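Chemist: One structure, as structure tokens, below. Some questions next.
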Amino acid sequence: MKNVLMLLGLLCWFPAIGQSVGRQPKESIKDENYLTAIRRAEKYIDSLRAVQDIPGISVCVGTSQKILWAEGFGYADLETHQPVTIHSKFRIGSVSKSLTSLAVGKLVEQKKLDLDAAVQQYVPLFPVKKYPVTARQLATHTAGIRHYRDSDPLACPQRYATVQEGLTIFSQDSLLFKPGTAYNYSTYGYTLLSAVIEGASHLDYPSYMQQAVFTPLGMSDTGVDASDSIVINRVRFYEHRQGRLVNAAQVDNSYKWAGGGQLSTPVDLVKLGRGLLTNSLLRKETVALLFTPQLLLDGTNTYYGLGWRMGTSPLNRKIIHHGGTIDGGRTFLLLYPEHDLVVAITANMSGVNINLPEVETIASYFFEVKR
């Protein structure tokens with residue numbers, strides 16, 4: 001009997017050893033034509049995890065037609081040794097702004113939203129400022145709405161029941177400048193933009209995002225990071241503190257769902273990129289609107305459109321992208337609109353150094369494959 005118990009113990013132990021490598025082949029998608037690129041990318045992701053002590057990473061690369069590669073690395077939950085899968089939901093931080101931009105585009109197409117009307121047309125209770133503020137200015141960070149400050153009530157996990165409630169954090173503050181004269185990155189500007197979306201659509205923000213963006217694009221693993229709800233496949237969130245890996249501080253992101261409070265997966269983010277490349281959700285001219293960099297009144301180029309950054313890669317490829325940094329999370333989404341490639345990556349730790357150069361490195365492996 002003793003020997004039987006020992007054998008059963010070993011059988012239970014060996015699967016745990018197998019999971020320690022942090023990769024789940026059964027949960028991955030791999031296009032056979034890109035196996036060389038995938039192997040190189042896997043080694044690169046492994047190195048990023050090892051050097052930065054990142055608990056879990058998920059990555060996806062795709063084109064307008066299909067997913068080339070999707071895979072999870074490491075752990076969604078260190079305490080239970082739950083591995084990251086391609087369905088693990090990460091906090092995507094400011095990549096939420098890019099998702100919100102599609103809702104703005106849809107409302108413009110439906111003629112329900114005038115980008116250049118004062119926000120009070122859609123949010124009557126928002127205080128009138130010295131200068132009128134428009135949805136276009138909110139989406140392009142040129143409205144003069146402030147960003148975070150140390151005195152904001154964000155350290156404690158306060159739940160804001162509605163988007164309108166979240167506006168109270170900054171609604172009484174003066175504008176930083178005359179709208180259109182400067183660029184000031186502002187997540188609060190997107191909180192106000194989500195109130196505009198609600199006023200234009202006559203739906204609450206999460207419902208409109210689901211109806212107008214997520215469901216049409218098949219983004220079944222994307223939604224708001226509701227701290228009071230059970231969310232299947234939501235990862236645990238971590239940070240380094242005094243040289244130790246610990247749980248990230250508890251937060252409630254209900255005050256910034258539109259600008260930094262959503263959960264998603266790289267597969268879903270690539271689906272979003274695919275929708276933009278194929279114009280399957282928005283018309284070509286609407287996508288062009290989102291991707292057009294805003295000019296200030298003096299002609300200065302901000303290189304930021306409606307929820308997207310614009311640039312050129314070292315190899316002179318046009319790129320559209322956005323990153324997201326948040327408590328317990330890092331996300332980056334990169335599109336090559338003229339070369340039909342989308343790359344998305346997420347991690348469940350604060351302070352992760354995965355920026356444009358790292359994501360471009362992953363993309364480079366796939367560009368090297370003859371297509």
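The way I read the labels, and the way they are meant: chains A, B, ... in the order of the structure tokens, residue 1 as the first residue of every chain, and ligand 1 as the first ligand shown, with later ones counted on from there.
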Report as an NGL selection string: the residues of region 34-215 of chain A with a DSSP assignment of alpha helix (DSSP H), based on the backbone of this structure.

Modeler: :A and (35-52 or 95-109 or 135-139 or 163-166 or 187-201 or 205-209 or 215)

Chemist: Output as a ChimeraX atom specification all residues of region 107-330 of chain A that backbone DSSP marks as strand (DSSP E or B).

Modeler: /A:118,134,223-224,234,238-241,244-247,262-264,295,301,304,309-312,318-326,329-330

Chemist: Enumerate, in order of chain and increasing residue number, the residues of region 153-180 of chain A with an atom no farther than 10 Å from region 247-263 of chain A, each with its shortest atom pair and distance in Å to one decimal, counting only C-alpha atoms, as JSON lines.

Modeler:
```
{"residue": "A:Leu154", "atom": "CA", "partner": "A:Val251", "partner_atom": "CA", "distance": 7.5}
{"residue": "A:Ala155", "atom": "CA", "partner": "A:Val251", "partner_atom": "CA", "distance": 7.0}
{"residue": "A:Cys156", "atom": "CA", "partner": "A:Val251", "partner_atom": "CA", "distance": 6.5}
{"residue": "A:Pro157", "atom": "CA", "partner": "A:Val251", "partner_atom": "CA", "distance": 4.5}
{"residue": "A:Gln158", "atom": "CA", "partner": "A:Asp252", "partner_atom": "CA", "distance": 6.0}
{"residue": "A:Arg159", "atom": "CA", "partner": "A:Asp252", "partner_atom": "CA", "distance": 6.1}
{"residue": "A:Tyr160", "atom": "CA", "partner": "A:Ser254", "partner_atom": "CA", "distance": 5.6}
{"residue": "A:Ala161", "atom": "CA", "partner": "A:Ser254", "partner_atom": "CA", "distance": 7.5}
{"residue": "A:Thr162", "atom": "CA", "partner": "A:Ser254", "partner_atom": "CA", "distance": 7.9}
{"residue": "A:Val163", "atom": "CA", "partner": "A:Tyr255", "partner_atom": "CA", "distance": 6.7}
{"residue": "A:Gln164", "atom": "CA", "partner": "A:Tyr255", "partner_atom": "CA", "distance": 9.0}
{"residue": "A:Glu165", "atom": "CA", "partner": "A:Tyr255", "partner_atom": "CA", "distance": 7.8}
{"residue": "A:Gly166", "atom": "CA", "partner": "A:Tyr255", "partner_atom": "CA", "distance": 4.6}
{"residue": "A:Leu167", "atom": "CA", "partner": "A:Tyr255", "partner_atom": "CA", "distance": 7.6}
{"residue": "A:Thr168", "atom": "CA", "partner": "A:Tyr255", "partner_atom": "CA", "distance": 9.4}
{"residue": "A:Ile169", "atom": "CA", "partner": "A:Tyr255", "partner_atom": "CA", "distance": 8.5}
```

Chemist: Looking at only C-alpha atoms, which of A:Ala37, A:Leu297, A:Leu113, A:Val342 is the one that sits closest to Asp268 (chain A)?

Modeler: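 Smallest distance to Asp268 (chain A) is found for A:Val342.
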
Chemist: From the list A:Lys178, A:Asn348, A:Leu78, A:Ser47, which residue is nearest Phe237 (chain A) when using only C-alpha atoms?

Modeler: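 Using only C-alpha atoms, Phe237 (chain A) sits closest to A:Asn348.
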
Chemist: Env of region 335-340 of chain A: 6 Å cut, atoms = only C-alpha atoms, seq-sep filter 5 positions within chain, self excluded. Answer as a ChimeraX atom specification.

Modeler: /A:63,319-320

Chemist: Can you tell me how far CA of Ser58 (chain A) sits from CA of Glu27 (chain A), in Å to one decimal?

Modeler: 11.0 Å

Chemist: Give me the residues within 10 Å of Asp221 (chain A) as a ChimeraX atom specification, counting only C-alpha atoms and dropping any in the same chain fewer than 3 places off.

Modeler: /A:86-90,214,218,231-234,263-269

Chemist: Generate a file of the selected residues that holds all heavy atoms, formatted as a compact mmCIF listing (two decimals), in the first residue's frame.

Modeler:
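Saved file again_16.txt follows:
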```
# COMPACT_ATOMS: atom_id res chain seq x y z
N ILE A 86 -3.99 31.33 -23.92
CA ILE A 86 -4.35 32.40 -24.88
C ILE A 86 -5.68 33.05 -24.52
O ILE A 86 -6.06 34.05 -25.13
CB ILE A 86 -4.36 31.87 -26.33
CG1 ILE A 86 -5.41 30.78 -26.51
CG2 ILE A 86 -2.98 31.37 -26.73
CD1 ILE A 86 -5.56 30.32 -27.95
N HIS A 87 -6.38 32.49 -23.52
CA HIS A 87 -7.63 33.08 -23.06
C HIS A 87 -7.47 33.83 -21.74
O HIS A 87 -8.46 34.36 -21.22
CB HIS A 87 -8.71 32.01 -22.93
CG HIS A 87 -9.04 31.33 -24.22
ND1 HIS A 87 -9.71 31.96 -25.24
CD2 HIS A 87 -8.79 30.07 -24.66
CE1 HIS A 87 -9.85 31.12 -26.26
NE2 HIS A 87 -9.30 29.98 -25.93
N SER A 88 -6.26 33.88 -21.19
CA SER A 88 -6.03 34.61 -19.94
C SER A 88 -6.24 36.10 -20.18
O SER A 88 -5.69 36.67 -21.13
CB SER A 88 -4.61 34.35 -19.43
OG SER A 88 -4.41 32.99 -19.13
N LYS A 89 -6.99 36.74 -19.29
CA LYS A 89 -7.35 38.15 -19.47
C LYS A 89 -6.46 39.04 -18.61
O LYS A 89 -6.40 38.91 -17.40
CB LYS A 89 -8.82 38.35 -19.09
CG LYS A 89 -9.78 37.53 -19.95
CD LYS A 89 -11.20 37.65 -19.45
CE LYS A 89 -12.14 36.74 -20.26
NZ LYS A 89 -13.52 36.76 -19.74
N PHE A 90 -5.79 39.96 -19.26
CA PHE A 90 -4.84 40.87 -18.63
C PHE A 90 -5.40 42.29 -18.60
O PHE A 90 -6.21 42.67 -19.44
CB PHE A 90 -3.53 40.90 -19.42
CG PHE A 90 -2.73 39.63 -19.39
CD1 PHE A 90 -3.14 38.51 -20.11
CD2 PHE A 90 -1.56 39.54 -18.66
CE1 PHE A 90 -2.40 37.33 -20.09
CE2 PHE A 90 -0.80 38.38 -18.63
CZ PHE A 90 -1.23 37.27 -19.36
N PHE A 214 -16.95 44.83 -29.49
CA PHE A 214 -16.45 43.50 -29.12
C PHE A 214 -17.19 42.37 -29.81
O PHE A 214 -16.56 41.46 -30.38
CB PHE A 214 -16.51 43.33 -27.60
CG PHE A 214 -15.75 44.36 -26.83
CD1 PHE A 214 -16.13 44.72 -25.54
CD2 PHE A 214 -14.64 44.99 -27.39
CE1 PHE A 214 -15.42 45.67 -24.83
CE2 PHE A 214 -13.93 45.96 -26.68
CZ PHE A 214 -14.34 46.30 -25.40
N GLY A 218 -15.75 39.68 -32.68
CA GLY A 218 -15.50 38.37 -32.09
C GLY A 218 -14.54 38.42 -30.92
O GLY A 218 -13.86 37.43 -30.63
N VAL A 231 -14.72 37.34 -12.88
CA VAL A 231 -14.32 37.39 -14.29
C VAL A 231 -13.50 36.14 -14.59
O VAL A 231 -12.39 35.98 -14.08
CB VAL A 231 -13.50 38.66 -14.60
CG1 VAL A 231 -13.08 38.66 -16.07
CG2 VAL A 231 -14.30 39.92 -14.27
N ILE A 232 -14.07 35.26 -15.39
CA ILE A 232 -13.39 34.02 -15.74
C ILE A 232 -12.09 34.32 -16.50
O ILE A 232 -12.08 35.14 -17.42
CB ILE A 232 -14.30 33.12 -16.59
CG1 ILE A 232 -15.62 32.84 -15.85
CG2 ILE A 232 -13.60 31.80 -16.94
CD1 ILE A 232 -15.45 32.16 -14.52
N ASN A 233 -11.02 33.66 -16.10
CA ASN A 233 -9.70 33.76 -16.75
C ASN A 233 -8.97 35.08 -16.49
O ASN A 233 -7.96 35.36 -17.15
CB ASN A 233 -9.80 33.53 -18.26
CG ASN A 233 -10.18 32.09 -18.60
OD1 ASN A 233 -9.77 31.16 -17.91
ND2 ASN A 233 -10.95 31.92 -19.65
N ARG A 234 -9.46 35.88 -15.54
CA ARG A 234 -8.70 37.08 -15.19
C ARG A 234 -7.44 36.67 -14.43
O ARG A 234 -7.50 35.91 -13.47
CB ARG A 234 -9.54 38.03 -14.33
CG ARG A 234 -8.78 39.26 -13.88
CD ARG A 234 -9.69 40.39 -13.37
NE ARG A 234 -10.71 39.95 -12.42
CZ ARG A 234 -11.70 40.73 -11.97
NH1 ARG A 234 -11.81 41.97 -12.42
NH2 ARG A 234 -12.58 40.26 -11.12
N LEU A 263 -9.96 44.75 -19.67
CA LEU A 263 -9.24 43.48 -19.72
C LEU A 263 -9.33 42.93 -21.13
O LEU A 263 -10.36 43.07 -21.80
CB LEU A 263 -9.87 42.47 -18.76
CG LEU A 263 -9.91 42.79 -17.28
CD1 LEU A 263 -10.82 41.80 -16.55
CD2 LEU A 263 -8.52 42.76 -16.67
N SER A 264 -8.26 42.27 -21.58
CA SER A 264 -8.30 41.65 -22.90
C SER A 264 -7.19 40.62 -23.02
O SER A 264 -6.44 40.37 -22.07
CB SER A 264 -8.18 42.71 -24.00
OG SER A 264 -8.48 42.16 -25.28
N THR A 265 -7.10 40.03 -24.18
CA THR A 265 -6.06 39.07 -24.52
C THR A 265 -5.38 39.52 -25.80
O THR A 265 -5.98 40.24 -26.62
CB THR A 265 -6.66 37.68 -24.76
OG1 THR A 265 -7.45 37.71 -25.96
CG2 THR A 265 -7.53 37.23 -23.59
N PRO A 266 -4.13 39.10 -26.04
CA PRO A 266 -3.50 39.44 -27.31
C PRO A 266 -4.27 38.93 -28.52
O PRO A 266 -4.30 39.61 -29.56
CB PRO A 266 -2.13 38.76 -27.19
CG PRO A 266 -1.83 38.81 -25.73
CD PRO A 266 -3.17 38.52 -25.08
N VAL A 267 -4.91 37.77 -28.41
CA VAL A 267 -5.71 37.27 -29.54
C VAL A 267 -6.83 38.24 -29.87
O VAL A 267 -7.06 38.58 -31.04
CB VAL A 267 -6.28 35.87 -29.23
CG1 VAL A 267 -7.30 35.46 -30.30
CG2 VAL A 267 -5.15 34.84 -29.18
N ASP A 268 -7.53 38.73 -28.84
CA ASP A 268 -8.60 39.69 -29.09
C ASP A 268 -8.07 41.00 -29.63
O ASP A 268 -8.70 41.65 -30.49
CB ASP A 268 -9.39 39.95 -27.80
CG ASP A 268 -10.55 38.96 -27.62
OD1 ASP A 268 -10.62 37.97 -28.38
OD2 ASP A 268 -11.38 39.19 -26.72
N LEU A 269 -6.91 41.43 -29.16
CA LEU A 269 -6.33 42.68 -29.65
C LEU A 269 -5.93 42.55 -31.12
O LEU A 269 -6.05 43.51 -31.89
CB LEU A 269 -5.14 43.08 -28.79
CG LEU A 269 -5.48 43.45 -27.34
CD1 LEU A 269 -4.21 43.77 -26.57
CD2 LEU A 269 -6.46 44.61 -27.27
```

Chemist: Between A:Ala118, A:Leu281, A:Ile326, A:Ala344, single out the one closest to Val213 (chain A), counting only C-alpha atoms.

Modeler: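 Going through A:Ala118, A:Leu281, A:Ile326, A:Ala344 one by one, the smallest distance to Val213 (chain A) is for A:Leu281.
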
Chemist: Determine, counting only C-alpha atoms, which protein, DNA and RNA residues have an atom within 6 Å of an atom of region 192-198 of chain A; residues of the same chain fewer than 5 positions away are not included. Present the result as an MDAnalysis selection string.

Modeler: chainID A and resid 122:123 203:205 258

Chemist: Nearest residue to Gly328 (chain A) out of A:Ile92, A:Tyr34, A:Cys60, A:Ser174, using only C-alpha atoms?

Modeler: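 Ranking A:Ile92, A:Tyr34, A:Cys60, A:Ser174 by distance to Gly328 (chain A), first place goes to A:Ile92.
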
Chemist: Extract, using only C-alpha atoms, all DNA, RNA and protein residues at most 7 Å from Trp69 (chain A), discarding same-chain residues fewer than 3 positions from it, and format them as a CSV table (one decimal) with all heavy atoms, in the first residue's frame.

Modeler:
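Generated file (around.csv):
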```csv
chain,number,residue,atom,x,y,z
A,29,ILE,N,-1.5,28.6,-30.8
A,29,ILE,CA,-1.8,28.5,-32.2
A,29,ILE,C,-0.5,28.8,-32.9
A,29,ILE,O,0.2,29.8,-32.7
A,29,ILE,CB,-2.8,29.6,-32.6
A,29,ILE,CG1,-4.1,29.4,-31.8
A,29,ILE,CG2,-3.1,29.6,-34.1
A,29,ILE,CD1,-5.1,30.5,-32.0
A,30,LYS,N,-0.2,27.9,-33.9
A,30,LYS,CA,1.1,28.0,-34.6
A,30,LYS,C,0.9,27.7,-36.1
A,30,LYS,O,0.6,26.5,-36.4
A,30,LYS,CB,2.2,27.1,-34.0
A,30,LYS,CG,2.5,27.4,-32.5
A,30,LYS,CD,3.6,26.5,-32.0
A,30,LYS,CE,3.9,26.9,-30.6
A,30,LYS,NZ,5.0,26.0,-30.0
A,31,ASP,N,1.1,28.7,-36.9
A,31,ASP,CA,1.0,28.5,-38.4
A,31,ASP,C,2.3,27.8,-38.8
A,31,ASP,O,3.4,28.2,-38.5
A,31,ASP,CB,0.9,29.8,-39.1
A,31,ASP,CG,0.6,29.7,-40.5
A,31,ASP,OD1,1.4,28.9,-41.2
A,31,ASP,OD2,-0.3,30.3,-41.0
A,38,ILE,N,8.4,31.6,-35.1
A,38,ILE,CA,7.8,31.3,-33.8
A,38,ILE,C,8.8,30.8,-32.8
A,38,ILE,O,8.8,31.3,-31.7
A,38,ILE,CB,6.6,30.3,-34.0
A,38,ILE,CG1,5.5,30.9,-34.7
A,38,ILE,CG2,6.2,29.8,-32.6
A,38,ILE,CD1,4.4,30.0,-35.2
A,60,CYS,N,0.5,37.4,-29.3
A,60,CYS,CA,-0.2,37.0,-30.5
A,60,CYS,C,0.3,37.8,-31.7
A,60,CYS,O,0.5,39.0,-31.6
A,60,CYS,CB,-1.8,37.2,-30.4
A,60,CYS,SG,-2.7,36.6,-31.8
A,61,VAL,N,0.4,37.1,-32.9
A,61,VAL,CA,0.8,37.8,-34.1
A,61,VAL,C,-0.2,37.3,-35.2
A,61,VAL,O,-0.4,36.1,-35.3
A,61,VAL,CB,2.3,37.4,-34.5
A,61,VAL,CG1,2.6,38.1,-35.9
A,61,VAL,CG2,3.3,37.8,-33.4
A,62,GLY,N,-0.7,38.2,-36.0
A,62,GLY,CA,-1.6,37.9,-37.0
A,62,GLY,C,-1.6,38.8,-38.2
A,62,GLY,O,-0.9,39.8,-38.2
```

Chemist: Between CA of Gly305 (chain A) and CA of Thr292 (chain A), what is the distance in Å, rounded to a tenth?

Modeler: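 These two atoms are separated by 5.0 Å.
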
Chemist: Between A:Thr181, A:Thr140, A:Ala117, A:Glu109, which one has atoms that come closest to Pro293 (chain A), using only C-alpha atoms?

Modeler: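 For Pro293 (chain A), the nearest of the given residues is A:Thr140.
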
Chemist: Near Pro127 (chain A), within 10 Å and counting only C-alpha atoms, which residues show up once chain neighbours fewer than 3 positions away are dropped, as JSON, numbers by chain?

Modeler: {"A": [119, 120, 123, 124, 130, 171, 172, 173, 174]}

Chemist: Include all heavy atoms and write out the residues we just selected as a PDB file, in the first residue's frame.

Modeler:
```pdb
ATOM      1  N   VAL A 119     -18.977  69.184 -25.392  1.00  0.00           N
ATOM      2  CA  VAL A 119     -19.334  67.933 -24.702  1.00  0.00           C
ATOM      3  C   VAL A 119     -20.666  68.047 -23.972  1.00  0.00           C
ATOM      4  O   VAL A 119     -21.347  67.033 -23.758  1.00  0.00           O
ATOM      5  CB  VAL A 119     -18.229  67.510 -23.709  1.00  0.00           C
ATOM      6  CG1 VAL A 119     -16.949  67.166 -24.438  1.00  0.00           C
ATOM      7  CG2 VAL A 119     -17.995  68.566 -22.640  1.00  0.00           C
ATOM      8  N   GLN A 120     -21.068  69.265 -23.605  1.00  0.00           N
ATOM      9  CA  GLN A 120     -22.338  69.415 -22.882  1.00  0.00           C
ATOM     10  C   GLN A 120     -23.541  68.994 -23.726  1.00  0.00           C
ATOM     11  O   GLN A 120     -24.616  68.746 -23.186  1.00  0.00           O
ATOM     12  CB  GLN A 120     -22.513  70.868 -22.416  1.00  0.00           C
ATOM     13  CG  GLN A 120     -21.662  71.246 -21.218  1.00  0.00           C
ATOM     14  CD  GLN A 120     -20.207  71.493 -21.569  1.00  0.00           C
ATOM     15  OE1 GLN A 120     -19.859  71.673 -22.751  1.00  0.00           O
ATOM     16  NE2 GLN A 120     -19.345  71.538 -20.569  1.00  0.00           N
ATOM     17  N   VAL A 123     -23.203  65.452 -22.490  1.00  0.00           N
ATOM     18  CA  VAL A 123     -23.054  65.329 -21.029  1.00  0.00           C
ATOM     19  C   VAL A 123     -23.464  66.668 -20.415  1.00  0.00           C
ATOM     20  O   VAL A 123     -22.622  67.475 -20.016  1.00  0.00           O
ATOM     21  CB  VAL A 123     -21.597  64.988 -20.638  1.00  0.00           C
ATOM     22  CG1 VAL A 123     -21.526  64.538 -19.182  1.00  0.00           C
ATOM     23  CG2 VAL A 123     -21.009  63.919 -21.543  1.00  0.00           C
ATOM     24  N   PRO A 124     -24.770  66.934 -20.336  1.00  0.00           N
ATOM     25  CA  PRO A 124     -25.254  68.252 -19.916  1.00  0.00           C
ATOM     26  C   PRO A 124     -24.782  68.684 -18.535  1.00  0.00           C
ATOM     27  O   PRO A 124     -24.637  69.892 -18.284  1.00  0.00           O
ATOM     28  CB  PRO A 124     -26.782  68.087 -19.946  1.00  0.00           C
ATOM     29  CG  PRO A 124     -27.037  66.930 -20.850  1.00  0.00           C
ATOM     30  CD  PRO A 124     -25.867  66.015 -20.698  1.00  0.00           C
ATOM     31  N   LYS A 130     -13.924  77.588 -19.284  1.00  0.00           N
ATOM     32  CA  LYS A 130     -13.631  78.887 -19.911  1.00  0.00           C
ATOM     33  C   LYS A 130     -13.737  78.774 -21.423  1.00  0.00           C
ATOM     34  O   LYS A 130     -14.143  79.726 -22.099  1.00  0.00           O
ATOM     35  CB  LYS A 130     -12.230  79.352 -19.507  1.00  0.00           C
ATOM     36  CG  LYS A 130     -11.850  80.711 -20.060  1.00  0.00           C
ATOM     37  CD  LYS A 130     -10.481  81.149 -19.561  1.00  0.00           C
ATOM     38  CE  LYS A 130     -10.114  82.512 -20.104  1.00  0.00           C
ATOM     39  NZ  LYS A 130      -8.769  82.966 -19.618  1.00  0.00           N
ATOM     40  N   SER A 171     -13.938  66.990 -12.491  1.00  0.00           N
ATOM     41  CA  SER A 171     -14.900  67.842 -13.209  1.00  0.00           C
ATOM     42  C   SER A 171     -14.882  69.304 -12.769  1.00  0.00           C
ATOM     43  O   SER A 171     -15.222  70.194 -13.560  1.00  0.00           O
ATOM     44  CB  SER A 171     -16.323  67.276 -13.052  1.00  0.00           C
ATOM     45  OG  SER A 171     -16.699  67.250 -11.680  1.00  0.00           O
ATOM     46  N   GLN A 172     -14.473  69.574 -11.545  1.00  0.00           N
ATOM     47  CA  GLN A 172     -14.462  70.961 -11.058  1.00  0.00           C
ATOM     48  C   GLN A 172     -13.149  71.684 -11.351  1.00  0.00           C
ATOM     49  O   GLN A 172     -13.015  72.873 -11.050  1.00  0.00           O
ATOM     50  CB  GLN A 172     -14.740  70.969  -9.553  1.00  0.00           C
ATOM     51  CG  GLN A 172     -16.097  70.403  -9.166  1.00  0.00           C
ATOM     52  CD  GLN A 172     -17.250  71.119  -9.857  1.00  0.00           C
ATOM     53  OE1 GLN A 172     -17.269  72.357  -9.947  1.00  0.00           O
ATOM     54  NE2 GLN A 172     -18.215  70.354 -10.350  1.00  0.00           N
ATOM     55  N   ASP A 173     -12.185  70.983 -11.933  1.00  0.00           N
ATOM     56  CA  ASP A 173     -10.881  71.595 -12.196  1.00  0.00           C
ATOM     57  C   ASP A 173     -10.897  72.423 -13.475  1.00  0.00           C
ATOM     58  O   ASP A 173     -11.602  72.096 -14.439  1.00  0.00           O
ATOM     59  CB  ASP A 173      -9.807  70.520 -12.303  1.00  0.00           C
ATOM     60  CG  ASP A 173      -9.623  69.765 -11.001  1.00  0.00           C
ATOM     61  OD1 ASP A 173      -9.625  70.418  -9.945  1.00  0.00           O
ATOM     62  OD2 ASP A 173      -9.503  68.531 -11.033  1.00  0.00           O
ATOM     63  N   SER A 174     -10.087  73.470 -13.478  1.00  0.00           N
ATOM     64  CA  SER A 174      -9.963  74.312 -14.669  1.00  0.00           C
ATOM     65  C   SER A 174      -9.166  73.582 -15.746  1.00  0.00           C
ATOM     66  O   SER A 174      -8.390  72.664 -15.456  1.00  0.00           O
ATOM     67  CB  SER A 174      -9.247  75.618 -14.314  1.00  0.00           C
ATOM     68  OG  SER A 174      -9.963  76.338 -13.334  1.00  0.00           O
TER      69      SER A 174
END
```
